[in-house]
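Raw contents of structure15.txt, compact mmCIF, N, CA and C atoms:
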```
# COMPACT_ATOMS: atom_id res chain seq x y z
N MET F 1 -13.66 -13.83 -12.40
CA MET F 1 -13.31 -14.77 -13.45
C MET F 1 -11.96 -14.42 -14.06
N VAL F 2 -11.67 -13.14 -14.22
CA VAL F 2 -10.41 -12.72 -14.84
C VAL F 2 -9.23 -13.21 -14.00
N MET F 3 -9.37 -13.18 -12.68
CA MET F 3 -8.28 -13.59 -11.81
C MET F 3 -7.89 -15.04 -12.07
N VAL F 4 -8.84 -15.87 -12.41
CA VAL F 4 -8.57 -17.28 -12.65
C VAL F 4 -8.22 -17.54 -14.11
N SER F 5 -8.95 -16.94 -15.03
CA SER F 5 -8.75 -17.23 -16.45
C SER F 5 -7.57 -16.50 -17.07
N ASN F 6 -7.24 -15.30 -16.59
CA ASN F 6 -6.15 -14.53 -17.16
C ASN F 6 -5.56 -13.60 -16.10
N PRO F 7 -4.88 -14.14 -15.07
CA PRO F 7 -4.41 -13.31 -13.96
C PRO F 7 -3.43 -12.22 -14.37
N ARG F 8 -2.67 -12.42 -15.45
CA ARG F 8 -1.73 -11.40 -15.89
C ARG F 8 -2.42 -10.11 -16.30
N LYS F 9 -3.67 -10.20 -16.70
CA LYS F 9 -4.44 -9.03 -17.11
C LYS F 9 -4.57 -8.03 -15.96
N LEU F 10 -4.52 -8.51 -14.71
CA LEU F 10 -4.64 -7.64 -13.54
C LEU F 10 -3.31 -7.00 -13.16
N ASN F 11 -2.23 -7.42 -13.79
CA ASN F 11 -0.90 -6.88 -13.53
C ASN F 11 -0.50 -6.98 -12.05
N GLY F 12 -0.99 -8.00 -11.37
CA GLY F 12 -0.63 -8.22 -9.97
C GLY F 12 -1.32 -7.31 -8.98
N VAL F 13 -2.30 -6.53 -9.41
CA VAL F 13 -2.95 -5.56 -8.53
C VAL F 13 -4.44 -5.81 -8.45
N ILE F 14 -4.93 -5.93 -7.22
CA ILE F 14 -6.37 -6.00 -6.96
C ILE F 14 -6.66 -5.01 -5.84
N LEU F 15 -7.57 -4.10 -6.07
CA LEU F 15 -7.93 -3.09 -5.08
C LEU F 15 -9.28 -3.46 -4.48
N THR F 16 -9.29 -3.67 -3.15
CA THR F 16 -10.51 -4.07 -2.47
C THR F 16 -10.40 -3.72 -0.99
N GLU F 17 -11.49 -3.85 -0.27
CA GLU F 17 -11.41 -3.65 1.18
C GLU F 17 -10.77 -4.89 1.81
N ASN F 18 -10.39 -4.79 3.06
CA ASN F 18 -9.54 -5.79 3.69
C ASN F 18 -10.09 -7.21 3.69
N MET F 19 -11.31 -7.43 4.17
CA MET F 19 -11.81 -8.80 4.28
C MET F 19 -11.97 -9.46 2.91
N PHE F 20 -12.51 -8.74 1.95
CA PHE F 20 -12.66 -9.31 0.62
C PHE F 20 -11.29 -9.56 -0.01
N GLY F 21 -10.34 -8.67 0.26
CA GLY F 21 -8.97 -8.86 -0.21
C GLY F 21 -8.35 -10.13 0.36
N ASP F 22 -8.61 -10.39 1.64
CA ASP F 22 -8.11 -11.62 2.27
C ASP F 22 -8.67 -12.85 1.58
N ILE F 23 -9.95 -12.82 1.28
CA ILE F 23 -10.59 -13.95 0.61
C ILE F 23 -10.00 -14.15 -0.78
N LEU F 24 -9.89 -13.08 -1.54
CA LEU F 24 -9.34 -13.18 -2.89
C LEU F 24 -7.88 -13.64 -2.89
N SER F 25 -7.08 -13.14 -1.96
CA SER F 25 -5.68 -13.54 -1.94
C SER F 25 -5.53 -15.02 -1.57
N ASP F 26 -6.35 -15.50 -0.66
CA ASP F 26 -6.32 -16.93 -0.33
C ASP F 26 -6.73 -17.76 -1.54
N GLU F 27 -7.77 -17.35 -2.23
CA GLU F 27 -8.23 -18.08 -3.41
C GLU F 27 -7.19 -18.03 -4.54
N SER F 28 -6.54 -16.88 -4.70
CA SER F 28 -5.59 -16.74 -5.80
C SER F 28 -4.31 -17.53 -5.58
N SER F 29 -4.10 -18.02 -4.38
CA SER F 29 -2.87 -18.78 -4.11
C SER F 29 -2.79 -20.07 -4.90
N VAL F 30 -3.92 -20.54 -5.44
CA VAL F 30 -3.88 -21.76 -6.25
C VAL F 30 -3.20 -21.53 -7.59
N ILE F 31 -3.11 -20.28 -8.04
CA ILE F 31 -2.49 -19.99 -9.33
C ILE F 31 -1.01 -20.37 -9.31
N PRO F 32 -0.21 -19.89 -8.32
CA PRO F 32 1.19 -20.32 -8.29
C PRO F 32 1.41 -21.64 -7.55
N GLY F 33 0.43 -22.08 -6.76
CA GLY F 33 0.54 -23.38 -6.11
C GLY F 33 0.62 -23.38 -4.60
N SER F 34 0.77 -22.21 -3.96
CA SER F 34 0.88 -22.20 -2.51
C SER F 34 0.70 -20.79 -1.96
N LEU F 35 0.07 -20.70 -0.79
CA LEU F 35 -0.01 -19.42 -0.07
C LEU F 35 1.38 -18.89 0.26
N GLY F 36 2.32 -19.78 0.45
CA GLY F 36 3.67 -19.40 0.86
C GLY F 36 4.45 -18.62 -0.17
N LEU F 37 3.97 -18.55 -1.40
CA LEU F 37 4.69 -17.86 -2.47
C LEU F 37 4.27 -16.41 -2.65
N LEU F 38 3.16 -15.99 -2.05
CA LEU F 38 2.58 -14.71 -2.41
C LEU F 38 2.90 -13.58 -1.45
N PRO F 39 3.45 -12.48 -1.98
CA PRO F 39 3.66 -11.28 -1.18
C PRO F 39 2.41 -10.42 -1.19
N SER F 40 2.35 -9.43 -0.32
CA SER F 40 1.26 -8.47 -0.38
C SER F 40 1.72 -7.13 0.16
N ALA F 41 0.96 -6.11 -0.20
CA ALA F 41 1.25 -4.77 0.29
C ALA F 41 -0.06 -4.01 0.48
N SER F 42 -0.12 -3.25 1.56
CA SER F 42 -1.19 -2.28 1.77
C SER F 42 -0.52 -0.92 1.61
N LEU F 43 -0.81 -0.25 0.49
CA LEU F 43 -0.10 0.97 0.15
C LEU F 43 -0.91 2.22 0.50
N ALA F 44 -0.20 3.28 0.87
CA ALA F 44 -0.83 4.54 1.23
C ALA F 44 -1.08 5.42 0.00
N GLY F 45 -0.79 4.92 -1.16
CA GLY F 45 -0.98 5.69 -2.38
C GLY F 45 -0.70 4.82 -3.58
N ALA F 46 -0.55 5.45 -4.71
CA ALA F 46 -0.27 4.73 -5.95
C ALA F 46 1.15 5.05 -6.40
N PRO F 47 2.07 4.11 -6.25
CA PRO F 47 3.44 4.37 -6.69
C PRO F 47 3.50 4.44 -8.21
N SER F 48 4.52 5.12 -8.71
CA SER F 48 4.72 5.21 -10.15
C SER F 48 6.22 5.10 -10.43
N GLN F 49 6.58 5.26 -11.68
CA GLN F 49 7.99 5.22 -12.05
C GLN F 49 8.78 6.36 -11.42
N THR F 50 8.10 7.45 -11.06
CA THR F 50 8.79 8.63 -10.53
C THR F 50 8.49 8.94 -9.07
N SER F 51 7.58 8.20 -8.44
CA SER F 51 7.27 8.48 -7.04
C SER F 51 7.06 7.18 -6.26
N THR F 52 7.35 7.24 -4.98
CA THR F 52 7.17 6.10 -4.09
C THR F 52 6.04 6.40 -3.12
N CYS F 53 5.67 5.42 -2.31
CA CYS F 53 4.66 5.63 -1.29
C CYS F 53 4.94 4.72 -0.10
N SER F 54 4.40 5.09 1.03
CA SER F 54 4.53 4.27 2.22
C SER F 54 3.64 3.04 2.10
N GLY F 55 4.02 1.99 2.81
CA GLY F 55 3.19 0.80 2.77
C GLY F 55 3.53 -0.17 3.88
N LEU F 56 2.67 -1.13 4.05
CA LEU F 56 2.87 -2.23 4.98
C LEU F 56 3.01 -3.48 4.13
N TYR F 57 4.10 -4.21 4.29
CA TYR F 57 4.41 -5.35 3.44
C TYR F 57 4.45 -6.63 4.26
N GLU F 58 3.80 -7.67 3.75
CA GLU F 58 3.77 -8.95 4.45
C GLU F 58 3.34 -10.05 3.48
N PRO F 59 3.70 -11.29 3.80
CA PRO F 59 3.19 -12.39 2.97
C PRO F 59 1.70 -12.57 3.23
N ILE F 60 0.98 -13.13 2.28
CA ILE F 60 -0.47 -13.28 2.50
C ILE F 60 -0.79 -14.37 3.51
N HIS F 61 0.15 -15.26 3.80
CA HIS F 61 -0.18 -16.41 4.64
C HIS F 61 -0.23 -16.12 6.13
N GLY F 62 0.17 -14.95 6.57
CA GLY F 62 0.14 -14.66 7.99
C GLY F 62 1.22 -15.41 8.75
N SER F 63 0.99 -15.64 10.01
CA SER F 63 2.02 -16.22 10.88
C SER F 63 2.06 -17.74 10.87
N ALA F 64 1.08 -18.40 10.30
CA ALA F 64 1.01 -19.87 10.20
C ALA F 64 1.31 -20.55 11.54
N PRO F 65 0.54 -20.28 12.59
CA PRO F 65 0.83 -20.84 13.91
C PRO F 65 0.80 -22.37 13.94
N ASP F 66 0.09 -23.00 13.02
CA ASP F 66 0.01 -24.46 13.01
C ASP F 66 1.34 -25.12 12.64
N ILE F 67 2.26 -24.38 12.01
CA ILE F 67 3.56 -24.97 11.65
C ILE F 67 4.73 -24.21 12.28
N ALA F 68 4.43 -23.31 13.21
CA ALA F 68 5.48 -22.51 13.86
C ALA F 68 6.52 -23.40 14.52
N GLY F 69 7.79 -23.03 14.32
CA GLY F 69 8.89 -23.73 14.96
C GLY F 69 9.30 -25.03 14.31
N GLN F 70 8.64 -25.45 13.24
CA GLN F 70 8.96 -26.72 12.59
C GLN F 70 9.96 -26.58 11.45
N GLY F 71 10.25 -25.34 11.04
CA GLY F 71 11.20 -25.12 9.95
C GLY F 71 10.67 -25.51 8.58
N ILE F 72 9.35 -25.55 8.42
CA ILE F 72 8.78 -25.97 7.14
C ILE F 72 8.00 -24.85 6.44
N ALA F 73 7.93 -23.68 7.06
CA ALA F 73 7.21 -22.56 6.43
C ALA F 73 7.96 -22.11 5.19
N ASN F 74 7.22 -21.77 4.16
CA ASN F 74 7.82 -21.27 2.93
C ASN F 74 8.13 -19.78 3.12
N PRO F 75 9.41 -19.37 3.04
CA PRO F 75 9.77 -17.96 3.28
C PRO F 75 9.63 -17.07 2.05
N ILE F 76 9.25 -17.62 0.92
CA ILE F 76 9.28 -16.87 -0.33
C ILE F 76 8.30 -15.69 -0.33
N GLY F 77 7.10 -15.85 0.22
CA GLY F 77 6.16 -14.73 0.29
C GLY F 77 6.74 -13.57 1.08
N THR F 78 7.44 -13.86 2.14
CA THR F 78 8.08 -12.82 2.95
C THR F 78 9.21 -12.15 2.17
N ILE F 79 10.01 -12.95 1.50
CA ILE F 79 11.13 -12.42 0.72
C ILE F 79 10.62 -11.55 -0.44
N LEU F 80 9.58 -12.00 -1.11
CA LEU F 80 9.02 -11.21 -2.20
C LEU F 80 8.31 -9.95 -1.69
N SER F 81 7.82 -9.98 -0.45
CA SER F 81 7.26 -8.77 0.16
C SER F 81 8.36 -7.73 0.35
N ALA F 82 9.55 -8.19 0.71
CA ALA F 82 10.70 -7.27 0.84
C ALA F 82 11.04 -6.66 -0.51
N ALA F 83 10.92 -7.44 -1.59
CA ALA F 83 11.16 -6.89 -2.93
C ALA F 83 10.14 -5.81 -3.26
N MET F 84 8.89 -6.02 -2.86
CA MET F 84 7.86 -5.00 -3.08
C MET F 84 8.19 -3.73 -2.30
N LEU F 85 8.65 -3.87 -1.07
CA LEU F 85 9.04 -2.72 -0.27
C LEU F 85 10.15 -1.93 -0.97
N LEU F 86 11.15 -2.64 -1.46
CA LEU F 86 12.24 -1.96 -2.16
C LEU F 86 11.72 -1.20 -3.37
N ARG F 87 10.83 -1.80 -4.12
CA ARG F 87 10.30 -1.18 -5.35
C ARG F 87 9.36 -0.01 -5.04
N TYR F 88 8.34 -0.25 -4.24
CA TYR F 88 7.26 0.73 -4.10
C TYR F 88 7.51 1.81 -3.05
N SER F 89 8.22 1.50 -1.98
CA SER F 89 8.45 2.50 -0.93
C SER F 89 9.84 3.12 -0.99
N LEU F 90 10.82 2.37 -1.53
CA LEU F 90 12.18 2.89 -1.53
C LEU F 90 12.70 3.23 -2.92
N GLY F 91 11.94 2.90 -3.95
CA GLY F 91 12.35 3.22 -5.31
C GLY F 91 13.59 2.48 -5.79
N MET F 92 13.82 1.30 -5.25
CA MET F 92 15.02 0.51 -5.58
C MET F 92 14.65 -0.64 -6.53
N GLU F 93 14.34 -0.28 -7.75
CA GLU F 93 13.87 -1.25 -8.75
C GLU F 93 14.90 -2.34 -9.05
N ARG F 94 16.16 -1.96 -9.22
CA ARG F 94 17.21 -2.94 -9.55
C ARG F 94 17.32 -4.01 -8.47
N GLU F 95 17.29 -3.60 -7.22
CA GLU F 95 17.41 -4.54 -6.11
C GLU F 95 16.17 -5.42 -6.00
N ALA F 96 14.99 -4.83 -6.23
CA ALA F 96 13.75 -5.61 -6.20
C ALA F 96 13.78 -6.69 -7.28
N LEU F 97 14.19 -6.32 -8.48
CA LEU F 97 14.30 -7.30 -9.57
C LEU F 97 15.31 -8.39 -9.25
N ALA F 98 16.39 -8.03 -8.61
CA ALA F 98 17.41 -9.03 -8.24
C ALA F 98 16.82 -10.06 -7.28
N ILE F 99 16.05 -9.60 -6.29
CA ILE F 99 15.42 -10.53 -5.36
C ILE F 99 14.46 -11.45 -6.11
N GLU F 100 13.62 -10.88 -6.97
CA GLU F 100 12.66 -11.70 -7.73
C GLU F 100 13.37 -12.71 -8.62
N ASN F 101 14.46 -12.30 -9.23
CA ASN F 101 15.22 -13.22 -10.09
C ASN F 101 15.90 -14.31 -9.28
N ALA F 102 16.38 -13.97 -8.08
CA ALA F 102 16.99 -14.98 -7.20
C ALA F 102 15.95 -16.02 -6.79
N VAL F 103 14.76 -15.57 -6.43
CA VAL F 103 13.69 -16.50 -6.06
C VAL F 103 13.36 -17.41 -7.24
N ARG F 104 13.23 -16.81 -8.41
CA ARG F 104 12.90 -17.58 -9.62
C ARG F 104 13.96 -18.67 -9.88
N LYS F 105 15.24 -18.29 -9.75
CA LYS F 105 16.31 -19.24 -10.01
C LYS F 105 16.31 -20.38 -8.99
N VAL F 106 16.02 -20.07 -7.75
CA VAL F 106 15.98 -21.11 -6.71
C VAL F 106 14.82 -22.08 -6.98
N LEU F 107 13.71 -21.58 -7.46
CA LEU F 107 12.56 -22.44 -7.74
C LEU F 107 12.70 -23.19 -9.07
N ASP F 108 13.40 -22.61 -10.04
CA ASP F 108 13.54 -23.25 -11.35
C ASP F 108 14.18 -24.63 -11.22
N ALA F 109 13.79 -25.53 -12.10
CA ALA F 109 14.34 -26.89 -12.11
C ALA F 109 15.84 -26.86 -12.43
N GLU F 110 16.53 -27.85 -11.94
CA GLU F 110 17.97 -27.94 -12.15
C GLU F 110 18.34 -28.06 -13.63
N ASP F 111 17.50 -28.74 -14.41
CA ASP F 111 17.83 -28.95 -15.82
C ASP F 111 17.78 -27.66 -16.65
N ILE F 112 17.24 -26.59 -16.08
CA ILE F 112 17.26 -25.30 -16.79
C ILE F 112 18.10 -24.27 -16.02
N GLY F 113 18.99 -24.76 -15.16
CA GLY F 113 19.93 -23.89 -14.48
C GLY F 113 19.53 -23.40 -13.10
N GLY F 114 18.42 -23.88 -12.60
CA GLY F 114 17.96 -23.47 -11.28
C GLY F 114 18.43 -24.42 -10.19
N SER F 115 17.98 -24.15 -8.98
CA SER F 115 18.32 -25.01 -7.84
C SER F 115 17.31 -26.11 -7.62
N GLY F 116 16.07 -25.91 -8.11
CA GLY F 116 15.03 -26.90 -7.93
C GLY F 116 14.58 -27.08 -6.49
N PHE F 117 14.75 -26.04 -5.68
CA PHE F 117 14.39 -26.13 -4.27
C PHE F 117 12.89 -25.96 -4.09
N ARG F 118 12.32 -26.75 -3.16
CA ARG F 118 10.91 -26.67 -2.82
C ARG F 118 10.74 -26.94 -1.32
N THR F 119 9.86 -26.17 -0.70
CA THR F 119 9.48 -26.47 0.67
C THR F 119 8.34 -27.49 0.63
N LYS F 120 7.95 -27.96 1.80
CA LYS F 120 6.94 -29.01 1.92
C LYS F 120 5.61 -28.64 1.22
N ASP F 121 5.21 -27.37 1.32
CA ASP F 121 3.94 -26.95 0.71
C ASP F 121 3.95 -27.08 -0.82
N LEU F 122 5.14 -27.16 -1.40
CA LEU F 122 5.29 -27.32 -2.85
C LEU F 122 5.73 -28.72 -3.23
N GLY F 123 5.64 -29.64 -2.28
CA GLY F 123 6.00 -31.03 -2.55
C GLY F 123 7.48 -31.35 -2.39
N GLY F 124 8.24 -30.43 -1.80
CA GLY F 124 9.67 -30.65 -1.61
C GLY F 124 10.02 -31.02 -0.19
N ASP F 125 11.32 -31.01 0.08
CA ASP F 125 11.79 -31.38 1.41
C ASP F 125 12.75 -30.35 2.02
N LYS F 126 12.89 -29.20 1.39
CA LYS F 126 13.80 -28.17 1.91
C LYS F 126 13.15 -27.42 3.06
N THR F 127 13.98 -27.00 4.00
CA THR F 127 13.49 -26.26 5.16
C THR F 127 13.41 -24.77 4.85
N THR F 128 12.79 -24.06 5.76
CA THR F 128 12.71 -22.61 5.65
C THR F 128 14.12 -22.01 5.52
N THR F 129 15.01 -22.46 6.37
CA THR F 129 16.38 -21.95 6.39
C THR F 129 17.12 -22.29 5.10
N GLU F 130 16.95 -23.49 4.60
CA GLU F 130 17.63 -23.89 3.36
C GLU F 130 17.18 -23.05 2.18
N ILE F 131 15.88 -22.81 2.08
CA ILE F 131 15.36 -21.98 0.98
C ILE F 131 15.91 -20.56 1.11
N GLY F 132 15.82 -19.98 2.30
CA GLY F 132 16.31 -18.62 2.52
C GLY F 132 17.80 -18.49 2.23
N ALA F 133 18.59 -19.45 2.66
CA ALA F 133 20.03 -19.41 2.43
C ALA F 133 20.36 -19.52 0.94
N GLU F 134 19.63 -20.36 0.23
CA GLU F 134 19.87 -20.52 -1.21
C GLU F 134 19.50 -19.24 -1.96
N ILE F 135 18.39 -18.61 -1.58
CA ILE F 135 18.02 -17.34 -2.21
C ILE F 135 19.08 -16.27 -1.93
N ALA F 136 19.57 -16.20 -0.71
CA ALA F 136 20.62 -15.24 -0.36
C ALA F 136 21.89 -15.50 -1.17
N LYS F 137 22.25 -16.77 -1.34
CA LYS F 137 23.44 -17.13 -2.12
C LYS F 137 23.32 -16.69 -3.57
N VAL F 138 22.16 -16.98 -4.17
CA VAL F 138 21.93 -16.59 -5.56
C VAL F 138 21.87 -15.06 -5.67
N LEU F 139 21.23 -14.41 -4.72
CA LEU F 139 21.09 -12.95 -4.75
C LEU F 139 22.47 -12.28 -4.76
N LYS F 140 23.41 -12.80 -4.00
CA LYS F 140 24.76 -12.22 -3.97
C LYS F 140 25.41 -12.24 -5.34
N THR F 141 25.09 -13.23 -6.16
CA THR F 141 25.67 -13.29 -7.51
C THR F 141 24.99 -12.30 -8.47
N LEU F 142 23.80 -11.82 -8.12
CA LEU F 142 23.05 -10.94 -9.00
C LEU F 142 23.25 -9.45 -8.70
N LEU F 143 23.78 -9.15 -7.53
CA LEU F 143 23.96 -7.73 -7.15
C LEU F 143 25.38 -7.26 -7.40
```
Would you mind giving the structure from this file in structure tokens?
Amino acid sequence: MVMVSNPRKLNGVILTENMFGDILSDESSVIPGSLGLLPSASLAGAPSQTSTCSGLYEPIHGSAPDIAGQGIANPIGTILSAAMLLRYSLGMEREALAIENAVRKVLDAEDIGGSGFRTKDLGGDKTTTEIGAEIAKVLKTLL
């Protein structure tokens, strides 16, 4: 219930075994609006402000074979997984924040200074490449 009623209370962390974690991550995708937005990590330990840990990073949506090659997959979960890698395994907090802020700016509406970009899963018409290129463009201004 907490995941649905107050997801911030979990601070983005749910510890579970693999199959139950898969179920919860699929269900939790309704909070931001799409599976394509969510990163994930399987960590070998508990990172802290002073220590890093090894991990496997990937978007929760998997390979999406039903849309492979169509250029409509949302790359944001993959990009945010890279931000998690920078933060938790490499200790590069500034760079991780820059990626997250670039993603946020690309998704933000134009009337508040964002790009307003959306892939098909979010009701938009931008391609995988267009979203990735826009995030890279914004990221260059933040680093």
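Here the question is which of F:Asn6, F:Ile23, F:Thr127, F:Ala133 gets nearest to Gln70 (chain F) using only N, CA and C atoms, and that residue is F:Thr127.
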Would you list the contacts of Val13 (chain F) as a ChimeraX atom specification, taking every protein, DNA or RNA residue within 12 Å and counting only C-alpha atoms, but skipping same-chain residues closer than 5 positions in sequence? /F:3,7-8,21,24-25,28,39-43,46-47
With 6.5 Å as the threshold, what does the neighbourhood of (14.4, -19.1, -3.9) contain in terms of residues, counting all atoms listed in the file? Coordinates are those of the file; answer as a ChimeraX atom specification. /F:102-107,131-132,134-135
List as a PyMOL selection string the protein and nucleic acid residues near region 81-89 of chain F, meaning an atom at most 9 Å away when only C-alpha atoms are counted, but skip any in the same chain fewer than 6 places from it. chain F and resi 38-41+43+46-48+51-59+95-100
Taking N, CA and C atoms for each residue, export the selection above as a PDB file, in the frame of the given file.
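Wrote part31.pdb, looks like this:
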```
ATOM      1  N   LEU F  38       3.160 -15.990  -2.050  1.00  0.00           N
ATOM      2  CA  LEU F  38       2.580 -14.710  -2.410  1.00  0.00           C
ATOM      3  C   LEU F  38       2.900 -13.580  -1.450  1.00  0.00           C
ATOM      4  N   PRO F  39       3.450 -12.480  -1.980  1.00  0.00           N
ATOM      5  CA  PRO F  39       3.660 -11.280  -1.180  1.00  0.00           C
ATOM      6  C   PRO F  39       2.410 -10.420  -1.190  1.00  0.00           C
ATOM      7  N   SER F  40       2.350  -9.430  -0.320  1.00  0.00           N
ATOM      8  CA  SER F  40       1.260  -8.470  -0.380  1.00  0.00           C
ATOM      9  C   SER F  40       1.720  -7.130   0.160  1.00  0.00           C
ATOM     10  N   ALA F  41       0.960  -6.110  -0.200  1.00  0.00           N
ATOM     11  CA  ALA F  41       1.250  -4.770   0.290  1.00  0.00           C
ATOM     12  C   ALA F  41      -0.060  -4.010   0.480  1.00  0.00           C
ATOM     13  N   LEU F  43      -0.810  -0.250   0.490  1.00  0.00           N
ATOM     14  CA  LEU F  43      -0.100   0.970   0.150  1.00  0.00           C
ATOM     15  C   LEU F  43      -0.910   2.220   0.500  1.00  0.00           C
ATOM     16  N   ALA F  46      -0.550   5.450  -4.710  1.00  0.00           N
ATOM     17  CA  ALA F  46      -0.270   4.730  -5.950  1.00  0.00           C
ATOM     18  C   ALA F  46       1.150   5.050  -6.400  1.00  0.00           C
ATOM     19  N   PRO F  47       2.070   4.110  -6.250  1.00  0.00           N
ATOM     20  CA  PRO F  47       3.440   4.370  -6.690  1.00  0.00           C
ATOM     21  C   PRO F  47       3.500   4.440  -8.210  1.00  0.00           C
ATOM     22  N   SER F  48       4.520   5.120  -8.710  1.00  0.00           N
ATOM     23  CA  SER F  48       4.720   5.210 -10.150  1.00  0.00           C
ATOM     24  C   SER F  48       6.220   5.100 -10.430  1.00  0.00           C
ATOM     25  N   SER F  51       7.580   8.200  -8.440  1.00  0.00           N
ATOM     26  CA  SER F  51       7.270   8.480  -7.040  1.00  0.00           C
ATOM     27  C   SER F  51       7.060   7.180  -6.260  1.00  0.00           C
ATOM     28  N   THR F  52       7.350   7.240  -4.980  1.00  0.00           N
ATOM     29  CA  THR F  52       7.170   6.100  -4.090  1.00  0.00           C
ATOM     30  C   THR F  52       6.040   6.400  -3.120  1.00  0.00           C
ATOM     31  N   CYS F  53       5.670   5.420  -2.310  1.00  0.00           N
ATOM     32  CA  CYS F  53       4.660   5.630  -1.290  1.00  0.00           C
ATOM     33  C   CYS F  53       4.940   4.720  -0.100  1.00  0.00           C
ATOM     34  N   SER F  54       4.400   5.090   1.030  1.00  0.00           N
ATOM     35  CA  SER F  54       4.530   4.270   2.220  1.00  0.00           C
ATOM     36  C   SER F  54       3.640   3.040   2.100  1.00  0.00           C
ATOM     37  N   GLY F  55       4.020   1.990   2.810  1.00  0.00           N
ATOM     38  CA  GLY F  55       3.190   0.800   2.770  1.00  0.00           C
ATOM     39  C   GLY F  55       3.530  -0.170   3.880  1.00  0.00           C
ATOM     40  N   LEU F  56       2.670  -1.130   4.050  1.00  0.00           N
ATOM     41  CA  LEU F  56       2.870  -2.230   4.980  1.00  0.00           C
ATOM     42  C   LEU F  56       3.010  -3.480   4.130  1.00  0.00           C
ATOM     43  N   TYR F  57       4.100  -4.210   4.290  1.00  0.00           N
ATOM     44  CA  TYR F  57       4.410  -5.350   3.440  1.00  0.00           C
ATOM     45  C   TYR F  57       4.450  -6.630   4.260  1.00  0.00           C
ATOM     46  N   GLU F  58       3.800  -7.670   3.750  1.00  0.00           N
ATOM     47  CA  GLU F  58       3.770  -8.950   4.450  1.00  0.00           C
ATOM     48  C   GLU F  58       3.340 -10.050   3.480  1.00  0.00           C
ATOM     49  N   PRO F  59       3.700 -11.290   3.800  1.00  0.00           N
ATOM     50  CA  PRO F  59       3.190 -12.390   2.970  1.00  0.00           C
ATOM     51  C   PRO F  59       1.700 -12.570   3.230  1.00  0.00           C
ATOM     52  N   GLU F  95      17.290  -3.600  -7.220  1.00  0.00           N
ATOM     53  CA  GLU F  95      17.410  -4.540  -6.110  1.00  0.00           C
ATOM     54  C   GLU F  95      16.170  -5.420  -6.000  1.00  0.00           C
ATOM     55  N   ALA F  96      14.990  -4.830  -6.230  1.00  0.00           N
ATOM     56  CA  ALA F  96      13.750  -5.610  -6.200  1.00  0.00           C
ATOM     57  C   ALA F  96      13.780  -6.690  -7.280  1.00  0.00           C
ATOM     58  N   LEU F  97      14.190  -6.320  -8.480  1.00  0.00           N
ATOM     59  CA  LEU F  97      14.300  -7.300  -9.570  1.00  0.00           C
ATOM     60  C   LEU F  97      15.310  -8.390  -9.250  1.00  0.00           C
ATOM     61  N   ALA F  98      16.390  -8.030  -8.610  1.00  0.00           N
ATOM     62  CA  ALA F  98      17.410  -9.030  -8.240  1.00  0.00           C
ATOM     63  C   ALA F  98      16.820 -10.060  -7.280  1.00  0.00           C
ATOM     64  N   ILE F  99      16.050  -9.600  -6.290  1.00  0.00           N
ATOM     65  CA  ILE F  99      15.420 -10.530  -5.360  1.00  0.00           C
ATOM     66  C   ILE F  99      14.460 -11.450  -6.110  1.00  0.00           C
ATOM     67  N   GLU F 100      13.620 -10.880  -6.970  1.00  0.00           N
ATOM     68  CA  GLU F 100      12.660 -11.700  -7.730  1.00  0.00           C
ATOM     69  C   GLU F 100      13.370 -12.710  -8.620  1.00  0.00           C
TER      70      GLU F 100
END
```
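Residue nearest Gly71 (chain F) within the list F:Gly123, F:Ser29, F:Leu35, F:Thr129: F:Thr129 [criterion: smallest interatomic distance, all atoms listed in the file].
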Step one, run DSSP on the backbone; step two, keep only residues of chain F assigned to strand (DSSP E or B); then write them as a count of residues only. 12
6 Å per side around region 137-142 of chain F: axis-aligned box centre and edge lengths, as JSON:
```
{"center_x": 23.4, "center_y": -13.3, "center_z": -5.2, "size_x": 16.6, "size_y": 19.7, "size_z": 19.7}
```
Near Arg118 (chain F), within 10 Å and counting only C-alpha atoms, which residues show up once chain neighbours fewer than 2 positions away are dropped, as a list in words?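 Here the answer would be Asn74, Val106, Leu107, Asp108, Ala109, Ser115, Gly116, Lys120, Asp121, Leu122, Gly123, Gly124, Asp125, Lys126, Thr127, Thr128, Glu130 and Ile131 of chain F.
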Work out how far atom N of Met1 (chain F) is from atom N of Glu17 (chain F), in Å to one decimal. 15.9 Å
How many Å separate CA of Val30 (chain F) from CA of Ile14 (chain F)? 16.0 Å
Selected residue of minimal separation from Leu15 (chain F) among F:Ala64, F:Phe117, F:Gly45, F:Thr141, counting only C-alpha atoms: F:Gly45
Expected answer as a ChimeraX atom specification: alpha helix (DSSP H) residues in chain F: /F:2-5,18-28,76-88,93-107,128-142
For CA of Thr119 (chain F) and CA of Gly33 (chain F), quote the distance in Å rounded to one decimal. 11.6 Å
Please determine, counting only C-alpha atoms, which residue among F:Arg94, F:Glu110, F:Ala44, F:Thr78 has the shortest atom-to-atom distance to Leu142 (chain F). F:Arg94
